[in-house]
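Working notes, beginning with the structure itself.
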Amino acid sequence: MTRGLLLLVAAGLLFRLLTFWLISPTPPIGDEVEYSFRGISLAAGEIVPGDGKRPPGSIWFYGAVHRLFGAEVAVARLANLFVSTLTLPLVWILGGRLGGPRTAWIATAAAAVYPGLLLYAPSLWSEALYNALSLGALVLLVPREGVPGPRAALA
């Protein structure tokens, strides 16, 4: 990791923590209520039937987080925040591979402070997790020198 990446990740984390601090008094709204309920129920060992309206990955993720760290909404929000922060190095890698160092800087700086990503970070929605998973898959698929390797099969 370069010093620039560390600086951008630290700035992105700081902005995400500030967003968390600003919204943390707000109770879950909309889809957050269902994600929170289902995650806490899974952590408690209850069978939570799916309704086909929500992707199961986020619910399982929140269930695991609640099981490990407690059944508080703030715990799941912080976990989402850290997953969102993990997207920044992935943006750096992908930007560097596709456009070089300058592109990596610009893309990561934009992702670190982009309002939409900041608001999704501490919210109990699936976007932060799926952004991280999608970017991780793209990092595996986009080769360093233009020829796909065996890692592309993992994505």
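Lettering and numbering for the structure tokens are positional, with chains as A, B, ... in the shown order, residues counted from 1 in each chain, and ligands counted from 1 in the shown order.
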Skip range 58-65 of chain A itself and residues of its chain fewer than 3 positions away, then list as number ranges by chain all residues within 12 Å of it, counting only C-alpha atoms. A: 31-50, 53-55, 68-80, 82-83, 123-133
Generate the output file for the selected residues, N, CA and C atoms, as a tab-separated table (two decimals), in the first residue's frame.
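As written to disk, selection_10.tsv reads:
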chain	number	residue	atom	x	y	z
A	31	ASP	N	-36.22	-0.26	4.65
A	31	ASP	CA	-35.65	-1.60	4.54
A	31	ASP	C	-34.77	-1.95	5.74
A	32	GLU	N	-34.20	-0.94	6.39
A	32	GLU	CA	-33.33	-1.19	7.54
A	32	GLU	C	-34.05	-1.98	8.63
A	33	VAL	N	-35.33	-1.73	8.80
A	33	VAL	CA	-36.10	-2.43	9.84
A	33	VAL	C	-36.08	-3.93	9.56
A	34	GLU	N	-36.34	-4.30	8.32
A	34	GLU	CA	-36.37	-5.72	7.97
A	34	GLU	C	-34.98	-6.34	8.06
A	35	TYR	N	-33.96	-5.66	7.52
A	35	TYR	CA	-32.60	-6.20	7.60
A	35	TYR	C	-32.18	-6.38	9.06
A	36	SER	N	-32.51	-5.41	9.90
A	36	SER	CA	-32.15	-5.49	11.31
A	36	SER	C	-32.87	-6.65	12.00
A	37	PHE	N	-34.17	-6.73	11.80
A	37	PHE	CA	-34.97	-7.79	12.41
A	37	PHE	C	-34.48	-9.17	11.98
A	38	ARG	N	-34.28	-9.35	10.69
A	38	ARG	CA	-33.87	-10.66	10.18
A	38	ARG	C	-32.46	-11.02	10.65
A	39	GLY	N	-31.55	-10.05	10.66
A	39	GLY	CA	-30.19	-10.32	11.13
A	39	GLY	C	-30.15	-10.71	12.59
A	40	ILE	N	-30.89	-9.97	13.42
A	40	ILE	CA	-30.94	-10.28	14.85
A	40	ILE	C	-31.60	-11.63	15.08
A	41	SER	N	-32.65	-11.93	14.31
A	41	SER	CA	-33.33	-13.22	14.44
A	41	SER	C	-32.39	-14.37	14.07
A	42	LEU	N	-31.64	-14.22	12.99
A	42	LEU	CA	-30.68	-15.26	12.60
A	42	LEU	C	-29.62	-15.45	13.68
A	43	ALA	N	-29.15	-14.35	14.25
A	43	ALA	CA	-28.13	-14.43	15.30
A	43	ALA	C	-28.65	-15.18	16.52
A	44	ALA	N	-29.95	-15.08	16.76
A	44	ALA	CA	-30.56	-15.76	17.90
A	44	ALA	C	-30.88	-17.22	17.59
A	45	GLY	N	-30.59	-17.66	16.37
A	45	GLY	CA	-30.83	-19.05	16.01
A	45	GLY	C	-32.23	-19.33	15.51
A	46	GLU	N	-33.00	-18.30	15.27
A	46	GLU	CA	-34.37	-18.48	14.78
A	46	GLU	C	-34.36	-18.75	13.28
A	47	ILE	N	-35.35	-19.46	12.82
A	47	ILE	CA	-35.51	-19.67	11.39
A	47	ILE	C	-36.23	-18.45	10.83
A	48	VAL	N	-35.61	-17.84	9.86
A	48	VAL	CA	-36.17	-16.63	9.27
A	48	VAL	C	-36.50	-16.93	7.81
A	49	PRO	N	-37.78	-17.20	7.53
A	49	PRO	CA	-38.12	-17.52	6.14
A	49	PRO	C	-37.93	-16.31	5.24
A	50	GLY	N	-37.43	-16.58	4.05
A	50	GLY	CA	-37.25	-15.50	3.09
A	50	GLY	C	-38.54	-15.21	2.36
A	53	LYS	N	-37.87	-10.93	-1.46
A	53	LYS	CA	-37.76	-9.51	-1.76
A	53	LYS	C	-36.39	-8.93	-1.39
A	54	ARG	N	-35.65	-9.61	-0.56
A	54	ARG	CA	-34.36	-9.09	-0.09
A	54	ARG	C	-33.26	-10.09	-0.42
A	55	PRO	N	-32.11	-9.60	-0.85
A	55	PRO	CA	-30.99	-10.52	-1.09
A	55	PRO	C	-30.52	-11.11	0.23
A	68	LEU	N	-21.63	-12.33	16.59
A	68	LEU	CA	-20.29	-12.10	17.12
A	68	LEU	C	-20.20	-10.92	18.08
A	69	PHE	N	-20.94	-9.85	17.79
A	69	PHE	CA	-20.71	-8.60	18.51
A	69	PHE	C	-21.93	-8.05	19.25
A	70	GLY	N	-23.07	-8.72	19.17
A	70	GLY	CA	-24.24	-8.26	19.91
A	70	GLY	C	-25.37	-7.80	19.00
A	71	ALA	N	-26.56	-7.83	19.55
A	71	ALA	CA	-27.78	-7.55	18.78
A	71	ALA	C	-28.18	-6.09	18.87
A	72	GLU	N	-27.27	-5.20	18.60
A	72	GLU	CA	-27.55	-3.76	18.58
A	72	GLU	C	-27.50	-3.26	17.15
A	73	VAL	N	-28.37	-2.34	16.81
A	73	VAL	CA	-28.38	-1.76	15.47
A	73	VAL	C	-27.05	-1.09	15.17
A	74	ALA	N	-26.47	-0.41	16.15
A	74	ALA	CA	-25.20	0.29	15.94
A	74	ALA	C	-24.08	-0.67	15.54
A	75	VAL	N	-24.11	-1.89	16.05
A	75	VAL	CA	-23.08	-2.88	15.71
A	75	VAL	C	-23.14	-3.20	14.22
A	76	ALA	N	-24.32	-3.45	13.69
A	76	ALA	CA	-24.46	-3.75	12.27
A	76	ALA	C	-24.12	-2.53	11.42
A	77	ARG	N	-24.49	-1.35	11.88
A	77	ARG	CA	-24.16	-0.14	11.13
A	77	ARG	C	-22.65	0.06	11.06
A	78	LEU	N	-21.96	-0.18	12.17
A	78	LEU	CA	-20.49	-0.05	12.16
A	78	LEU	C	-19.86	-1.10	11.25
A	79	ALA	N	-20.39	-2.31	11.25
A	79	ALA	CA	-19.86	-3.35	10.36
A	79	ALA	C	-20.02	-2.93	8.91
A	80	ASN	N	-21.18	-2.39	8.58
A	80	ASN	CA	-21.42	-1.90	7.22
A	80	ASN	C	-20.45	-0.78	6.87
A	82	PHE	N	-17.41	-0.34	8.01
A	82	PHE	CA	-16.08	-0.87	7.74
A	82	PHE	C	-16.03	-1.61	6.40
A	83	VAL	N	-17.10	-2.29	6.04
A	83	VAL	CA	-17.15	-2.94	4.72
A	83	VAL	C	-17.09	-1.87	3.63
A	123	SER	N	-25.66	2.66	6.94
A	123	SER	CA	-27.08	2.29	6.87
A	123	SER	C	-27.21	0.79	6.69
A	124	LEU	N	-28.28	0.23	7.19
A	124	LEU	CA	-28.51	-1.21	7.10
A	124	LEU	C	-29.17	-1.57	5.77
A	125	TRP	N	-28.47	-1.31	4.70
A	125	TRP	CA	-28.92	-1.67	3.37
A	125	TRP	C	-27.86	-2.56	2.75
A	126	SER	N	-28.20	-3.21	1.69
A	126	SER	CA	-27.30	-4.19	1.08
A	126	SER	C	-26.21	-3.56	0.21
A	127	GLU	N	-26.33	-2.28	-0.13
A	127	GLU	CA	-25.42	-1.68	-1.11
A	127	GLU	C	-23.95	-1.73	-0.72
A	128	ALA	N	-23.62	-1.45	0.52
A	128	ALA	CA	-22.20	-1.43	0.92
A	128	ALA	C	-21.56	-2.81	0.75
A	129	LEU	N	-22.25	-3.84	1.18
A	129	LEU	CA	-21.71	-5.20	1.05
A	129	LEU	C	-21.58	-5.60	-0.42
A	130	TYR	N	-22.61	-5.32	-1.21
A	130	TYR	CA	-22.56	-5.72	-2.61
A	130	TYR	C	-21.58	-4.88	-3.41
A	131	ASN	N	-21.38	-3.62	-3.04
A	131	ASN	CA	-20.32	-2.83	-3.68
A	131	ASN	C	-18.97	-3.48	-3.43
A	132	ALA	N	-18.71	-3.86	-2.19
A	132	ALA	CA	-17.43	-4.48	-1.85
A	132	ALA	C	-17.25	-5.81	-2.59
A	133	LEU	N	-18.29	-6.63	-2.61
A	133	LEU	CA	-18.19	-7.92	-3.30
A	133	LEU	C	-18.02	-7.75	-4.81
Shell around Leu90 in chain A at 12 Å using only C-alpha atoms, local window under 6 positions removed, as a PDB file with N, CA and C atoms, in the first residue's frame:
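Contents of the output file around_30.pdb:
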ATOM      1  N   MET A   1       0.840  -1.189   0.000  1.00  0.00           N
ATOM      2  CA  MET A   1       0.000   0.000   0.000  1.00  0.00           C
ATOM      3  C   MET A   1       0.879   1.245   0.000  1.00  0.00           C
ATOM      4  N   LEU A   5      -2.685   5.893  -0.698  1.00  0.00           N
ATOM      5  CA  LEU A   5      -3.842   5.037  -0.443  1.00  0.00           C
ATOM      6  C   LEU A   5      -4.206   5.062   1.034  1.00  0.00           C
ATOM      7  N   VAL A   9      -7.805   6.190   2.464  1.00  0.00           N
ATOM      8  CA  VAL A   9      -8.611   5.265   3.270  1.00  0.00           C
ATOM      9  C   VAL A   9      -8.895   5.880   4.637  1.00  0.00           C
ATOM     10  N   VAL A  83     -17.098  -2.291   6.041  1.00  0.00           N
ATOM     11  CA  VAL A  83     -17.152  -2.935   4.723  1.00  0.00           C
ATOM     12  C   VAL A  83     -17.087  -1.868   3.633  1.00  0.00           C
ATOM     13  N   SER A  84     -17.800  -0.773   3.834  1.00  0.00           N
ATOM     14  CA  SER A  84     -17.764   0.326   2.875  1.00  0.00           C
ATOM     15  C   SER A  84     -16.356   0.902   2.757  1.00  0.00           C
ATOM     16  N   GLY A  96      -6.082   1.827 -10.691  1.00  0.00           N
ATOM     17  CA  GLY A  96      -4.695   1.730 -11.127  1.00  0.00           C
ATOM     18  C   GLY A  96      -4.523   0.791 -12.303  1.00  0.00           C
ATOM     19  N   ARG A  97      -5.244  -0.307 -12.289  1.00  0.00           N
ATOM     20  CA  ARG A  97      -5.133  -1.276 -13.390  1.00  0.00           C
ATOM     21  C   ARG A  97      -5.750  -0.744 -14.679  1.00  0.00           C
ATOM     22  N   ALA A 104      -6.241   5.984 -10.187  1.00  0.00           N
ATOM     23  CA  ALA A 104      -6.418   5.385  -8.859  1.00  0.00           C
ATOM     24  C   ALA A 104      -6.649   6.471  -7.818  1.00  0.00           C
ATOM     25  N   TRP A 105      -5.842   7.524  -7.857  1.00  0.00           N
ATOM     26  CA  TRP A 105      -5.994   8.641  -6.916  1.00  0.00           C
ATOM     27  C   TRP A 105      -7.371   9.286  -7.031  1.00  0.00           C
ATOM     28  N   ALA A 107     -10.201   8.270  -8.527  1.00  0.00           N
ATOM     29  CA  ALA A 107     -11.334   7.383  -8.237  1.00  0.00           C
ATOM     30  C   ALA A 107     -11.466   7.121  -6.740  1.00  0.00           C
ATOM     31  N   THR A 108     -10.355   6.888  -6.069  1.00  0.00           N
ATOM     32  CA  THR A 108     -10.408   6.599  -4.633  1.00  0.00           C
ATOM     33  C   THR A 108     -10.792   7.838  -3.843  1.00  0.00           C
ATOM     34  N   ALA A 111     -14.496   8.230  -4.263  1.00  0.00           N
ATOM     35  CA  ALA A 111     -15.228   7.226  -3.478  1.00  0.00           C
ATOM     36  C   ALA A 111     -15.137   7.505  -1.981  1.00  0.00           C
ATOM     37  N   ALA A 112     -14.059   8.124  -1.543  1.00  0.00           N
ATOM     38  CA  ALA A 112     -13.885   8.411  -0.115  1.00  0.00           C
ATOM     39  C   ALA A 112     -14.865   9.461   0.385  1.00  0.00           C
ATOM     40  N   ASN A 131     -21.379  -3.620  -3.042  1.00  0.00           N
ATOM     41  CA  ASN A 131     -20.321  -2.830  -3.682  1.00  0.00           C
ATOM     42  C   ASN A 131     -18.965  -3.477  -3.434  1.00  0.00           C
ATOM     43  N   ALA A 132     -18.712  -3.859  -2.191  1.00  0.00           N
ATOM     44  CA  ALA A 132     -17.426  -4.480  -1.852  1.00  0.00           C
ATOM     45  C   ALA A 132     -17.252  -5.807  -2.588  1.00  0.00           C
ATOM     46  N   LEU A 133     -18.287  -6.626  -2.607  1.00  0.00           N
ATOM     47  CA  LEU A 133     -18.195  -7.919  -3.297  1.00  0.00           C
ATOM     48  C   LEU A 133     -18.020  -7.746  -4.806  1.00  0.00           C
ATOM     49  N   SER A 134     -18.746  -6.801  -5.383  1.00  0.00           N
ATOM     50  CA  SER A 134     -18.633  -6.558  -6.827  1.00  0.00           C
ATOM     51  C   SER A 134     -17.254  -6.030  -7.191  1.00  0.00           C
ATOM     52  N   LEU A 135     -16.755  -5.082  -6.404  1.00  0.00           N
ATOM     53  CA  LEU A 135     -15.416  -4.554  -6.671  1.00  0.00           C
ATOM     54  C   LEU A 135     -14.351  -5.629  -6.485  1.00  0.00           C
ATOM     55  N   GLY A 136     -14.522  -6.475  -5.471  1.00  0.00           N
ATOM     56  CA  GLY A 136     -13.583  -7.573  -5.269  1.00  0.00           C
ATOM     57  C   GLY A 136     -13.558  -8.514  -6.465  1.00  0.00           C
ATOM     58  N   ALA A 137     -14.737  -8.807  -7.013  1.00  0.00           N
ATOM     59  CA  ALA A 137     -14.809  -9.661  -8.203  1.00  0.00           C
ATOM     60  C   ALA A 137     -14.144  -8.987  -9.396  1.00  0.00           C
ATOM     61  N   LEU A 138     -14.357  -7.682  -9.552  1.00  0.00           N
ATOM     62  CA  LEU A 138     -13.721  -6.968 -10.662  1.00  0.00           C
ATOM     63  C   LEU A 138     -12.205  -6.937 -10.524  1.00  0.00           C
ATOM     64  N   VAL A 139     -11.721  -6.785  -9.298  1.00  0.00           N
ATOM     65  CA  VAL A 139     -10.271  -6.811  -9.078  1.00  0.00           C
ATOM     66  C   VAL A 139      -9.708  -8.168  -9.494  1.00  0.00           C
ATOM     67  N   LEU A 140     -10.453  -9.234  -9.206  1.00  0.00           N
ATOM     68  CA  LEU A 140     -10.007 -10.561  -9.631  1.00  0.00           C
ATOM     69  C   LEU A 140     -10.078 -10.734 -11.151  1.00  0.00           C
ATOM     70  N   VAL A 142     -10.066  -8.199 -13.632  1.00  0.00           N
ATOM     71  CA  VAL A 142      -9.254  -7.281 -14.438  1.00  0.00           C
ATOM     72  C   VAL A 142      -7.786  -7.587 -14.191  1.00  0.00           C
TER      73      VAL A 142
END
Residue contacts of Leu6 in chain A (12 Å, only C-alpha atoms) excluding same-chain residues fewer than 6 positions away, as a compact mmCIF listing (two decimals) with N, CA and C atoms, in the first residue's frame:
# COMPACT_ATOMS: atom_id res chain seq x y z
N GLY A 12 -11.50 8.51 4.09
CA GLY A 12 -12.79 7.87 3.85
C GLY A 12 -13.39 7.31 5.12
N LEU A 13 -12.56 6.70 5.96
CA LEU A 13 -13.04 6.17 7.24
C LEU A 13 -13.52 7.30 8.14
N THR A 85 -15.66 1.01 3.88
CA THR A 85 -14.29 1.53 3.85
C THR A 85 -13.36 0.58 3.11
N LEU A 86 -13.62 -0.72 3.19
CA LEU A 86 -12.80 -1.70 2.48
C LEU A 86 -12.93 -1.59 0.96
N LEU A 88 -12.52 1.10 -0.64
CA LEU A 88 -11.58 2.11 -1.12
C LEU A 88 -10.28 1.51 -1.67
N PRO A 89 -9.64 0.56 -0.98
CA PRO A 89 -8.46 -0.06 -1.61
C PRO A 89 -8.80 -0.82 -2.89
N TRP A 92 -8.93 1.71 -5.57
CA TRP A 92 -7.54 2.09 -5.87
C TRP A 92 -6.90 1.07 -6.83
N TRP A 105 -5.84 7.52 -7.86
CA TRP A 105 -5.99 8.64 -6.92
C TRP A 105 -7.37 9.29 -7.03
N THR A 108 -10.36 6.89 -6.07
CA THR A 108 -10.41 6.60 -4.63
C THR A 108 -10.79 7.84 -3.84
N ALA A 109 -10.27 8.99 -4.23
CA ALA A 109 -10.64 10.24 -3.55
C ALA A 109 -12.14 10.50 -3.71
N ALA A 112 -14.06 8.12 -1.54
CA ALA A 112 -13.88 8.41 -0.12
C ALA A 112 -14.86 9.46 0.38
How many Å separate CA of Ala11 in chain A from CA of Leu117 in chain A? 13.4 Å
A:Arg144, A:Leu17, A:Gly30, A:Pro56: which is nearest Ala121 in chain A, counting only C-alpha atoms?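 Closest to Ala121 in chain A, using only C-alpha atoms: A:Leu17.
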